[in-house]
$ cat query_34.cif   # mmCIF, C-alpha atoms
data_data
#
loop_
_atom_site.label_atom_id
_atom_site.label_comp_id
_atom_site.auth_asym_id
_atom_site.auth_seq_id
_atom_site.Cartn_x
_atom_site.Cartn_y
_atom_site.Cartn_z
CA MET A 26 115.77 152.92 208.06
CA HIS A 27 113.19 152.20 205.36
CA LEU A 28 113.51 148.86 203.61
CA GLU A 29 111.65 148.49 200.35
CA ARG A 30 109.94 145.10 200.11
CA HIS A 31 110.19 143.33 196.77
CA VAL A 32 106.74 142.28 195.55
CA THR A 33 106.43 139.48 193.00
CA MET A 34 103.48 140.00 190.68
CA SER A 35 101.15 137.10 190.01
CA LYS A 36 101.28 135.74 186.46
CA VAL A 37 98.52 134.08 184.42
CA VAL A 38 100.05 130.85 183.16
CA PHE A 39 98.62 128.18 180.89
CA ASN A 40 99.88 124.60 181.25
CA MET A 41 98.52 121.58 179.39
CA THR A 42 99.56 118.49 177.47
CA VAL A 43 99.05 118.76 173.72
CA SER A 44 99.64 116.54 170.69
CA LEU A 45 102.19 117.60 168.10
CA ASP A 46 99.34 118.63 165.80
CA GLY A 47 97.74 120.84 168.45
CA TYR A 48 94.95 118.80 170.07
CA VAL A 49 94.27 118.50 173.81
CA ALA A 50 91.64 115.75 173.48
CA GLY A 51 90.40 113.38 170.82
CA PRO A 52 86.97 113.60 169.18
CA ASN A 53 83.79 112.72 171.09
CA ASP A 54 85.02 113.96 174.48
CA ASN A 55 82.27 113.84 177.10
CA PRO A 56 81.83 112.87 180.76
CA GLU A 57 81.85 109.17 179.81
CA ASN A 58 84.83 109.56 177.44
CA GLY A 59 86.81 112.28 179.14
CA LEU A 60 89.80 112.64 176.80
CA GLY A 61 87.89 111.68 173.67
CA ASP A 62 88.73 108.91 171.24
CA GLY A 63 92.45 108.20 171.46
CA GLY A 64 93.10 111.17 173.74
CA GLY A 65 94.37 109.06 176.62
CA ALA A 66 97.62 108.54 174.70
CA LEU A 67 98.48 112.19 175.42
CA PHE A 68 99.22 111.27 179.01
CA HIS A 69 101.32 108.14 178.68
CA TRP A 70 104.21 110.16 180.09
CA TYR A 71 102.26 110.61 183.35
CA PHE A 72 102.65 106.94 184.25
CA SER A 73 105.71 105.68 182.37
CA GLY A 74 108.53 106.96 184.55
CA ASP A 75 110.25 105.97 187.78
CA THR A 76 109.71 109.10 189.90
CA GLU A 77 106.51 109.50 191.89
CA ILE A 78 104.90 112.91 192.34
CA LEU A 79 101.55 113.96 193.80
CA LEU A 80 100.17 117.12 192.22
CA SER A 81 97.37 117.66 194.74
CA GLU A 82 95.33 115.83 197.35
CA GLY A 83 92.76 113.48 195.83
CA THR A 84 94.52 113.13 192.47
CA PRO A 85 96.41 110.00 191.34
CA THR A 86 100.10 109.75 192.12
CA LEU A 87 102.03 110.18 188.87
CA LYS A 88 105.13 108.22 187.86
CA VAL A 89 107.16 110.37 185.50
CA SER A 90 110.80 110.84 184.54
CA LYS A 91 113.14 112.79 186.82
CA GLN A 92 113.20 115.65 184.31
CA SER A 93 109.41 115.90 184.22
CA ALA A 94 109.11 115.49 187.99
CA ALA A 95 111.37 118.49 188.61
CA LEU A 96 109.26 120.70 186.35
CA LEU A 97 105.97 119.49 187.85
CA LYS A 98 107.29 120.13 191.35
CA ASP A 99 108.24 123.68 190.41
CA ALA A 100 104.78 124.21 188.88
CA VAL A 101 103.02 123.03 192.04
CA GLU A 102 105.13 125.38 194.19
CA THR A 103 104.19 128.43 192.08
CA TYR A 104 100.46 127.56 191.99
CA GLY A 105 98.26 130.12 193.72
CA ALA A 106 94.84 129.59 192.11
CA GLY A 107 93.33 127.94 189.05
CA VAL A 108 90.66 128.88 186.51
CA TRP A 109 88.72 126.20 184.61
CA GLY A 110 85.81 126.06 182.19
CA ARG A 111 82.44 124.51 182.96
CA ARG A 112 82.80 121.89 180.21
CA THR A 113 86.03 120.61 181.75
CA PHE A 114 84.39 120.68 185.18
CA ASP A 115 81.54 118.49 183.87
CA ILE A 116 83.78 116.11 181.92
CA ALA A 117 85.96 115.64 185.01
CA HIS A 118 82.84 114.99 187.16
CA ALA A 119 84.00 117.88 189.36
CA TRP A 120 87.13 115.83 190.06
CA GLY A 121 85.13 114.06 192.74
CA GLY A 122 85.34 117.20 194.84
CA HIS A 123 89.16 117.21 194.69
CA PRO A 124 90.17 119.62 191.92
CA PRO A 125 93.82 119.66 190.83
CA GLY A 126 94.64 122.62 193.03
CA THR A 127 92.68 125.15 195.08
CA PRO A 128 91.39 127.84 195.15
CA CYS A 129 89.53 126.68 192.03
CA PHE A 130 87.42 129.10 189.97
CA ILE A 131 84.94 127.73 187.42
CA VAL A 132 83.67 129.98 184.62
CA THR A 133 80.05 129.08 183.92
CA HIS A 134 76.69 130.45 182.86
CA ASN A 135 74.77 128.23 185.30
CA THR A 136 75.98 127.49 188.81
CA PRO A 137 75.62 123.82 189.89
CA GLN A 138 73.85 124.32 193.19
CA GLU A 139 74.99 120.99 194.62
CA TRP A 140 78.50 122.45 194.88
CA VAL A 141 77.44 125.72 196.51
CA HIS A 142 78.00 125.16 200.21
CA GLU A 143 80.38 126.07 202.99
CA GLY A 144 83.71 124.38 202.44
CA SER A 145 83.13 123.81 198.72
CA PRO A 146 86.43 123.72 196.81
CA PHE A 147 84.83 125.64 193.92
CA THR A 148 84.01 129.27 193.29
CA PHE A 149 81.64 129.68 190.35
CA VAL A 150 82.03 132.83 188.26
CA THR A 151 79.06 133.78 186.10
CA ASP A 152 80.22 137.18 184.82
CA GLY A 153 82.99 136.08 182.48
CA VAL A 154 86.64 135.21 182.25
CA LYS A 155 87.95 138.67 183.14
CA SER A 156 86.13 138.51 186.47
CA ALA A 157 87.42 134.97 187.07
CA ILE A 158 91.03 136.02 186.44
CA ARG A 159 90.64 139.06 188.71
CA GLN A 160 89.24 136.95 191.54
CA ALA A 161 91.87 134.26 191.04
CA LYS A 162 94.67 136.84 191.16
CA GLU A 163 93.30 138.21 194.41
CA ALA A 164 93.23 134.70 195.87
CA ALA A 165 96.70 133.78 194.51
CA GLY A 166 98.54 136.71 196.04
CA ASP A 167 102.10 136.68 194.66
CA LYS A 168 101.72 133.16 193.21
CA ASP A 169 100.54 132.23 189.72
CA VAL A 170 97.05 131.82 188.35
CA VAL A 171 97.08 128.59 186.36
CA ILE A 172 94.79 127.72 183.45
CA CYS A 173 94.40 124.16 182.15
CA THR A 174 91.38 124.54 179.86
CA ALA A 175 91.62 125.25 176.13
CA SER A 176 88.51 127.44 176.00
CA ILE A 177 89.71 129.59 178.92
CA LEU A 178 93.13 129.98 177.27
CA GLN A 179 91.44 131.15 174.07
CA GLN A 180 89.28 133.65 175.94
CA CYS A 181 92.27 134.95 177.89
CA LEU A 182 94.35 135.35 174.73
CA ASN A 183 91.50 137.25 173.08
CA ALA A 184 91.24 139.50 176.14
CA GLY A 185 95.01 140.04 176.48
CA LEU A 186 95.14 138.39 179.91
CA MET A 187 97.80 135.70 179.37
CA ASP A 188 101.43 136.00 180.49
CA GLU A 189 102.95 132.58 179.77
CA ILE A 190 102.08 129.42 177.82
CA HIS A 191 103.61 126.11 178.88
CA LEU A 192 103.04 123.06 176.70
CA ASP A 193 103.87 119.42 177.39
CA VAL A 194 104.12 118.14 173.83
CA ALA A 195 103.34 114.45 173.43
CA PRO A 196 104.94 112.60 170.48
CA LEU A 197 101.54 111.94 168.95
CA LEU A 198 99.38 113.03 166.02
CA LEU A 199 95.69 112.86 166.93
CA GLY A 200 94.45 114.19 163.59
CA LYS A 201 91.19 115.53 165.00
CA GLY A 202 89.54 116.42 168.27
CA VAL A 203 89.66 119.49 170.53
CA ARG A 204 92.05 122.09 169.15
CA LEU A 205 94.12 124.09 171.62
CA PHE A 206 94.47 127.27 169.58
CA ASP A 207 90.99 127.69 168.17
CA HIS A 208 88.49 130.58 168.08
CA LEU A 209 91.23 133.21 168.35
CA ASN A 210 90.64 136.82 167.42
CA ILE A 211 94.08 138.33 167.94
CA ASP A 212 96.78 140.16 166.07
CA PRO A 213 100.04 138.26 165.52
CA LEU A 214 101.47 137.66 168.99
CA GLY A 215 105.19 137.50 169.69
CA LEU A 216 106.50 134.79 172.04
CA GLU A 217 109.80 134.49 173.88
CA ARG A 218 110.90 130.92 174.53
CA ILE A 219 111.81 130.49 178.19
CA ARG A 220 112.00 126.70 178.42
CA ALA A 221 112.73 123.68 176.26
CA VAL A 222 113.28 120.43 178.14
CA GLU A 223 113.40 117.05 176.44
CA ALA A 224 112.16 114.23 178.66
CA PRO A 225 111.16 110.60 178.06
CA GLY A 226 107.78 110.58 176.30
CA VAL A 227 107.28 114.34 176.29
CA THR A 228 108.92 117.66 175.43
CA HIS A 229 108.30 120.55 177.83
CA LEU A 230 108.10 123.98 176.18
CA GLY A 231 107.51 127.36 177.79
CA PHE A 232 106.88 130.73 176.20
CA ARG A 233 106.45 134.23 177.60
CA ILE A 234 104.02 136.46 175.74
CA VAL A 235 105.74 139.60 174.51
CA LYS A 236 103.62 142.53 175.67
CA LYS A 237 103.41 145.53 173.36
#
$ encode --input "query_34.cif" --output "structure tokens"
Amino acid sequence: MHLERHVTMSKVVFNMTVSLDGYVAGPNDNPENGLGDGGGALFHWYFSGDTEILLSEGTPTLKVSKQSAALLKDAVETYGAGVWGRRTFDIAHAWGGHPPGTPCFIVTHNTPQEWVHEGSPFTFVTDGVKSAIRQAKEAAGDKDVVICTASILQQCLNAGLMDEIHLDVAPLLLGKGVRLFDHLNIDPLGLERIRAVEAPGVTHLGFRIVKK
């Protein structure tokens, strides 16, 4: 008897904390001022709750609300690979060699040779975001490819590569800084809301991109 195996397709999912006015960092973000001026306030919800959760080895243990912890746990379980931009990689100081999830693909024009060695947690992709997404999907199998970099989101939207956008909206107006939805060259894009969860200090929203 032939049994057909159900195959779950990997999705490309964006997930990031954003201010109500659409910024993911304050102005003057750099390796010495990672989230920019005032940008640290975006993540107050990471450490203001009573439920501990560890997103990945080598990252700080978060203390969030029970509502946020449940969503973060689900996100970790669906993670198969991540794609990041070189600017984020540099600002994060390569996360001290412990990126927030592996396999970790970094889109860059110039490969930092100090991180090219056996056992390195990073794969550097020099031929563009489409190649990075393809390689990440191969590595992720039936799990999701997760993006947490504004510039990579913008490139993926322009290339039609995104499936879902998840935003953790902080009750904050930054006024200026690094815009999430910038440099877009797309036609109007329909979204289907798939999640809206109110939690202490943050509102979790999820949208599926309506494919034409």
$ atom_distance --input "query_34.cif" --atom1 "atom CA of Val43 of chain A" --atom2 "atom CA of Ala221 of chain A"
14.8 Å
$ resolve_selection --input "query_34.cif" --expression "the PyMOL selection byres ((chain A and resi 145) around 12)" --output "list in words"
Ala119, Gly121, Gly122, His123, Pro124, Thr127, Pro128, Cys129, Phe130, Pro137, Gln138, Glu139, Trp140, Val141, His142, Glu143, Gly144, Pro146, Phe147, Thr148 and Phe149 of chain A
$ residues_near_point --input "query_34.cif" --point "(108.4, 117.4, 186.6)" --cutoff "12 Å" --atoms "all atoms listed in the file" --output "PyMOL selection string"
chain A and resi 70-71+74-80+87-102+193+222-225+227-229
$ write_last_selection --input "query_34.cif" --atoms "C-alpha atoms" --output "short mmCIF file (atom, residue, chain, number, x, y, z; two decimals), in the coordinates of the input"
data_model
loop_
_atom_site.label_atom_id
_atom_site.label_comp_id
_atom_site.auth_asym_id
_atom_site.auth_seq_id
_atom_site.Cartn_x
_atom_site.Cartn_y
_atom_site.Cartn_z
CA TRP A 70 104.21 110.16 180.09
CA TYR A 71 102.26 110.61 183.35
CA GLY A 74 108.53 106.96 184.55
CA ASP A 75 110.25 105.97 187.78
CA THR A 76 109.71 109.10 189.90
CA GLU A 77 106.51 109.50 191.89
CA ILE A 78 104.90 112.91 192.34
CA LEU A 79 101.55 113.96 193.80
CA LEU A 80 100.17 117.12 192.22
CA LEU A 87 102.03 110.18 188.87
CA LYS A 88 105.13 108.22 187.86
CA VAL A 89 107.16 110.37 185.50
CA SER A 90 110.80 110.84 184.54
CA LYS A 91 113.14 112.79 186.82
CA GLN A 92 113.20 115.65 184.31
CA SER A 93 109.41 115.90 184.22
CA ALA A 94 109.11 115.49 187.99
CA ALA A 95 111.37 118.49 188.61
CA LEU A 96 109.26 120.70 186.35
CA LEU A 97 105.97 119.49 187.85
CA LYS A 98 107.29 120.13 191.35
CA ASP A 99 108.24 123.68 190.41
CA ALA A 100 104.78 124.21 188.88
CA VAL A 101 103.02 123.03 192.04
CA GLU A 102 105.13 125.38 194.19
CA ASP A 193 103.87 119.42 177.39
CA VAL A 222 113.28 120.43 178.14
CA GLU A 223 113.40 117.05 176.44
CA ALA A 224 112.16 114.23 178.66
CA PRO A 225 111.16 110.60 178.06
CA VAL A 227 107.28 114.34 176.29
CA THR A 228 108.92 117.66 175.43
CA HIS A 229 108.30 120.55 177.83
#
$ residues_around --input "query_34.cif" --residues "Trp109 of chain A" --least-positions-apart "6" --cutoff "10 Å" --atoms "all atoms listed in the file" --output "PyMOL selection string"
chain A and resi 124+129-133+149+154+157+171-178
$ atom_distance --input "query_34.cif" --atom1 "atom CA of Gly215 of chain A" --atom2 "atom CA of Val235 of chain A"
5.3 Å
$ resolve_selection --input "query_34.cif" --expression "the PyMOL selection byres ((chain A and resi 197-199) around 7)" --output "short mmCIF file (atom, residue, chain, number, x, y, z; two decimals) with C-alpha atoms, in the frame of the given file"
data_model
loop_
_atom_site.label_atom_id
_atom_site.label_comp_id
_atom_site.auth_asym_id
_atom_site.auth_seq_id
_atom_site.Cartn_x
_atom_site.Cartn_y
_atom_site.Cartn_z
CA SER A 44 99.64 116.54 170.69
CA LEU A 45 102.19 117.60 168.10
CA ASP A 46 99.34 118.63 165.80
CA TYR A 48 94.95 118.80 170.07
CA GLY A 51 90.40 113.38 170.82
CA ALA A 195 103.34 114.45 173.43
CA PRO A 196 104.94 112.60 170.48
CA GLY A 200 94.45 114.19 163.59
CA LYS A 201 91.19 115.53 165.00
#
$ atom_distance --input "query_34.cif" --atom1 "atom CA of Asp115 of chain A" --atom2 "atom CA of Pro56 of chain A"
6.4 Å
$ closest_residue --input "query_34.cif" --among "A:Gly110, A:Pro213, A:Pro52, A:Gly226" --to "Thr151 of chain A" --atoms "only C-alpha atoms"
A:Gly110
$ resolve_selection --input "query_34.cif" --expression "the PyMOL selection byres ((chain A and resi 116) around 6)" --output "PyMOL selection string"
chain A and resi 55-56+59+113-115+117-118
$ closest_residue --input "query_34.cif" --among "A:Val108, A:His134, A:Gly166, A:Gly202" --to "Asp62 of chain A" --atoms "only C-alpha atoms"
A:Gly202
$ residues_around --input "query_34.cif" --residues "Asn210 of chain A" --least-positions-apart "3" --cutoff "12 Å" --atoms "all atoms listed in the file" --output "mmCIF file with C-alpha atoms, in the frame of the given file"
data_model
loop_
_atom_site.group_PDB
_atom_site.id
_atom_site.type_symbol
_atom_site.label_atom_id
_atom_site.label_comp_id
_atom_site.auth_asym_id
_atom_site.auth_seq_id
_atom_site.Cartn_x
_atom_site.Cartn_y
_atom_site.Cartn_z
ATOM 1 C CA GLN A 179 91.440 131.150 174.070
ATOM 2 C CA GLN A 180 89.280 133.650 175.940
ATOM 3 C CA CYS A 181 92.270 134.950 177.890
ATOM 4 C CA LEU A 182 94.350 135.350 174.730
ATOM 5 C CA ASN A 183 91.500 137.250 173.080
ATOM 6 C CA ALA A 184 91.240 139.500 176.140
ATOM 7 C CA GLY A 185 95.010 140.040 176.480
ATOM 8 C CA PHE A 206 94.470 127.270 169.580
ATOM 9 C CA ASP A 207 90.990 127.690 168.170
ATOM 10 C CA PRO A 213 100.040 138.260 165.520
ATOM 11 C CA LEU A 214 101.470 137.660 168.990
#
$ closest_residue --input "query_34.cif" --among "A:His208, A:Asp188, A:Glu217, A:Val203" --to "Asp54 of chain A" --atoms "all atoms listed in the file"
A:Val203
$ decode --input "query_34.cif" --residues "segment 88-178 of chain A" --atoms "C-alpha atoms" --output "PDB file, in the first residue's frame"
ATOM      1  CA  LYS A  88      12.222  37.657  30.845  1.00  0.00           C
ATOM      2  CA  VAL A  89       8.970  38.344  29.024  1.00  0.00           C
ATOM      3  CA  SER A  90       5.256  37.955  29.658  1.00  0.00           C
ATOM      4  CA  LYS A  91       3.611  34.539  29.367  1.00  0.00           C
ATOM      5  CA  GLN A  92       1.878  35.651  26.162  1.00  0.00           C
ATOM      6  CA  SER A  93       5.139  36.734  24.550  1.00  0.00           C
ATOM      7  CA  ALA A  94       6.997  33.660  25.800  1.00  0.00           C
ATOM      8  CA  ALA A  95       4.511  31.331  24.096  1.00  0.00           C
ATOM      9  CA  LEU A  96       4.963  33.106  20.762  1.00  0.00           C
ATOM     10  CA  LEU A  97       8.756  33.190  21.055  1.00  0.00           C
ATOM     11  CA  LYS A  98       8.820  29.483  21.882  1.00  0.00           C
ATOM     12  CA  ASP A  99       6.750  28.700  18.796  1.00  0.00           C
ATOM     13  CA  ALA A 100       9.080  30.853  16.670  1.00  0.00           C
ATOM     14  CA  VAL A 101      12.175  29.030  17.932  1.00  0.00           C
ATOM     15  CA  GLU A 102      10.591  25.643  17.150  1.00  0.00           C
ATOM     16  CA  THR A 103       9.854  26.618  13.534  1.00  0.00           C
ATOM     17  CA  TYR A 104      13.331  28.110  12.939  1.00  0.00           C
ATOM     18  CA  GLY A 105      15.348  26.261  10.310  1.00  0.00           C
ATOM     19  CA  ALA A 106      17.875  28.868   9.134  1.00  0.00           C
ATOM     20  CA  GLY A 107      18.410  32.623   9.257  1.00  0.00           C
ATOM     21  CA  VAL A 108      19.545  35.277   6.785  1.00  0.00           C
ATOM     22  CA  TRP A 109      21.155  38.514   7.978  1.00  0.00           C
ATOM     23  CA  GLY A 110      22.818  41.550   6.422  1.00  0.00           C
ATOM     24  CA  ARG A 111      26.490  42.425   6.799  1.00  0.00           C
ATOM     25  CA  ARG A 112      25.706  45.727   8.549  1.00  0.00           C
ATOM     26  CA  THR A 113      23.762  43.917  11.258  1.00  0.00           C
ATOM     27  CA  PHE A 114      26.556  41.349  11.510  1.00  0.00           C
ATOM     28  CA  ASP A 115      29.089  44.145  12.098  1.00  0.00           C
ATOM     29  CA  ILE A 116      26.907  46.116  14.519  1.00  0.00           C
ATOM     30  CA  ALA A 117      26.312  42.932  16.537  1.00  0.00           C
ATOM     31  CA  HIS A 118      30.074  42.192  16.563  1.00  0.00           C
ATOM     32  CA  ALA A 119      29.220  38.830  14.973  1.00  0.00           C
ATOM     33  CA  TRP A 120      27.216  38.081  18.121  1.00  0.00           C
ATOM     34  CA  GLY A 121      30.474  36.964  19.694  1.00  0.00           C
ATOM     35  CA  GLY A 122      30.356  33.876  17.510  1.00  0.00           C
ATOM     36  CA  HIS A 123      26.913  32.898  18.842  1.00  0.00           C
ATOM     37  CA  PRO A 124      24.348  34.140  16.318  1.00  0.00           C
ATOM     38  CA  PRO A 125      20.669  34.029  17.306  1.00  0.00           C
ATOM     39  CA  GLY A 126      20.102  30.735  15.536  1.00  0.00           C
ATOM     40  CA  THR A 127      22.034  28.554  13.101  1.00  0.00           C
ATOM     41  CA  PRO A 128      22.553  27.854  10.255  1.00  0.00           C
ATOM     42  CA  CYS A 129      23.254  31.574   9.801  1.00  0.00           C
ATOM     43  CA  PHE A 130      23.730  33.083   6.330  1.00  0.00           C
ATOM     44  CA  ILE A 131      25.255  36.568   5.988  1.00  0.00           C
ATOM     45  CA  VAL A 132      24.728  38.553   2.779  1.00  0.00           C
ATOM     46  CA  THR A 133      27.877  40.558   2.092  1.00  0.00           C
ATOM     47  CA  HIS A 134      30.113  41.950  -0.626  1.00  0.00           C
ATOM     48  CA  ASN A 135      33.310  41.190   1.317  1.00  0.00           C
ATOM     49  CA  THR A 136      33.805  38.034   3.340  1.00  0.00           C
ATOM     50  CA  PRO A 137      35.429  38.563   6.782  1.00  0.00           C
ATOM     51  CA  GLN A 138      38.185  35.983   6.567  1.00  0.00           C
ATOM     52  CA  GLU A 139      38.544  35.642  10.330  1.00  0.00           C
ATOM     53  CA  TRP A 140      35.182  33.853  10.359  1.00  0.00           C
ATOM     54  CA  VAL A 141      35.972  31.497   7.479  1.00  0.00           C
ATOM     55  CA  HIS A 142      37.071  28.286   9.158  1.00  0.00           C
ATOM     56  CA  GLU A 143      35.847  24.805   9.934  1.00  0.00           C
ATOM     57  CA  GLY A 144      33.077  24.966  12.506  1.00  0.00           C
ATOM     58  CA  SER A 145      32.259  28.621  11.824  1.00  0.00           C
ATOM     59  CA  PRO A 146      28.601  29.375  12.586  1.00  0.00           C
ATOM     60  CA  PHE A 147      28.418  31.665   9.537  1.00  0.00           C
ATOM     61  CA  THR A 148      28.018  31.088   5.824  1.00  0.00           C
ATOM     62  CA  PHE A 149      28.867  34.209   3.826  1.00  0.00           C
ATOM     63  CA  VAL A 150      26.935  34.748   0.603  1.00  0.00           C
ATOM     64  CA  THR A 151      28.483  37.158  -1.887  1.00  0.00           C
ATOM     65  CA  ASP A 152      26.132  36.667  -4.856  1.00  0.00           C
ATOM     66  CA  GLY A 153      23.021  38.341  -3.491  1.00  0.00           C
ATOM     67  CA  VAL A 154      19.900  37.811  -1.450  1.00  0.00           C
ATOM     68  CA  LYS A 155      18.263  35.345  -3.846  1.00  0.00           C
ATOM     69  CA  SER A 156      21.222  33.007  -3.480  1.00  0.00           C
ATOM     70  CA  ALA A 157      21.168  33.436   0.313  1.00  0.00           C
ATOM     71  CA  ILE A 158      17.471  32.545   0.508  1.00  0.00           C
ATOM     72  CA  ARG A 159      17.981  29.524  -1.755  1.00  0.00           C
ATOM     73  CA  GLN A 160      20.848  28.224   0.371  1.00  0.00           C
ATOM     74  CA  ALA A 161      18.966  28.915   3.595  1.00  0.00           C
ATOM     75  CA  LYS A 162      15.908  27.032   2.333  1.00  0.00           C
ATOM     76  CA  GLU A 163      18.080  24.048   1.464  1.00  0.00           C
ATOM     77  CA  ALA A 164      19.560  24.104   4.972  1.00  0.00           C
ATOM     78  CA  ALA A 165      16.170  24.645   6.683  1.00  0.00           C
ATOM     79  CA  GLY A 166      14.435  21.658   5.131  1.00  0.00           C
ATOM     80  CA  ASP A 167      10.746  21.854   6.077  1.00  0.00           C
ATOM     81  CA  LYS A 168      11.349  24.559   8.704  1.00  0.00           C
ATOM     82  CA  ASP A 169      11.248  28.326   8.194  1.00  0.00           C
ATOM     83  CA  VAL A 170      13.900  30.696   6.938  1.00  0.00           C
ATOM     84  CA  VAL A 171      13.856  33.658   9.314  1.00  0.00           C
ATOM     85  CA  ILE A 172      14.952  37.210   8.497  1.00  0.00           C
ATOM     86  CA  CYS A 173      15.648  39.807  11.205  1.00  0.00           C
ATOM     87  CA  THR A 174      17.328  42.549   9.169  1.00  0.00           C
ATOM     88  CA  ALA A 175      15.468  45.497   7.645  1.00  0.00           C
ATOM     89  CA  SER A 176      17.646  45.694   4.527  1.00  0.00           C
ATOM     90  CA  ILE A 177      17.222  41.972   3.805  1.00  0.00           C
ATOM     91  CA  LEU A 178      13.443  42.281   4.258  1.00  0.00           C
TER      92      LEU A 178
END
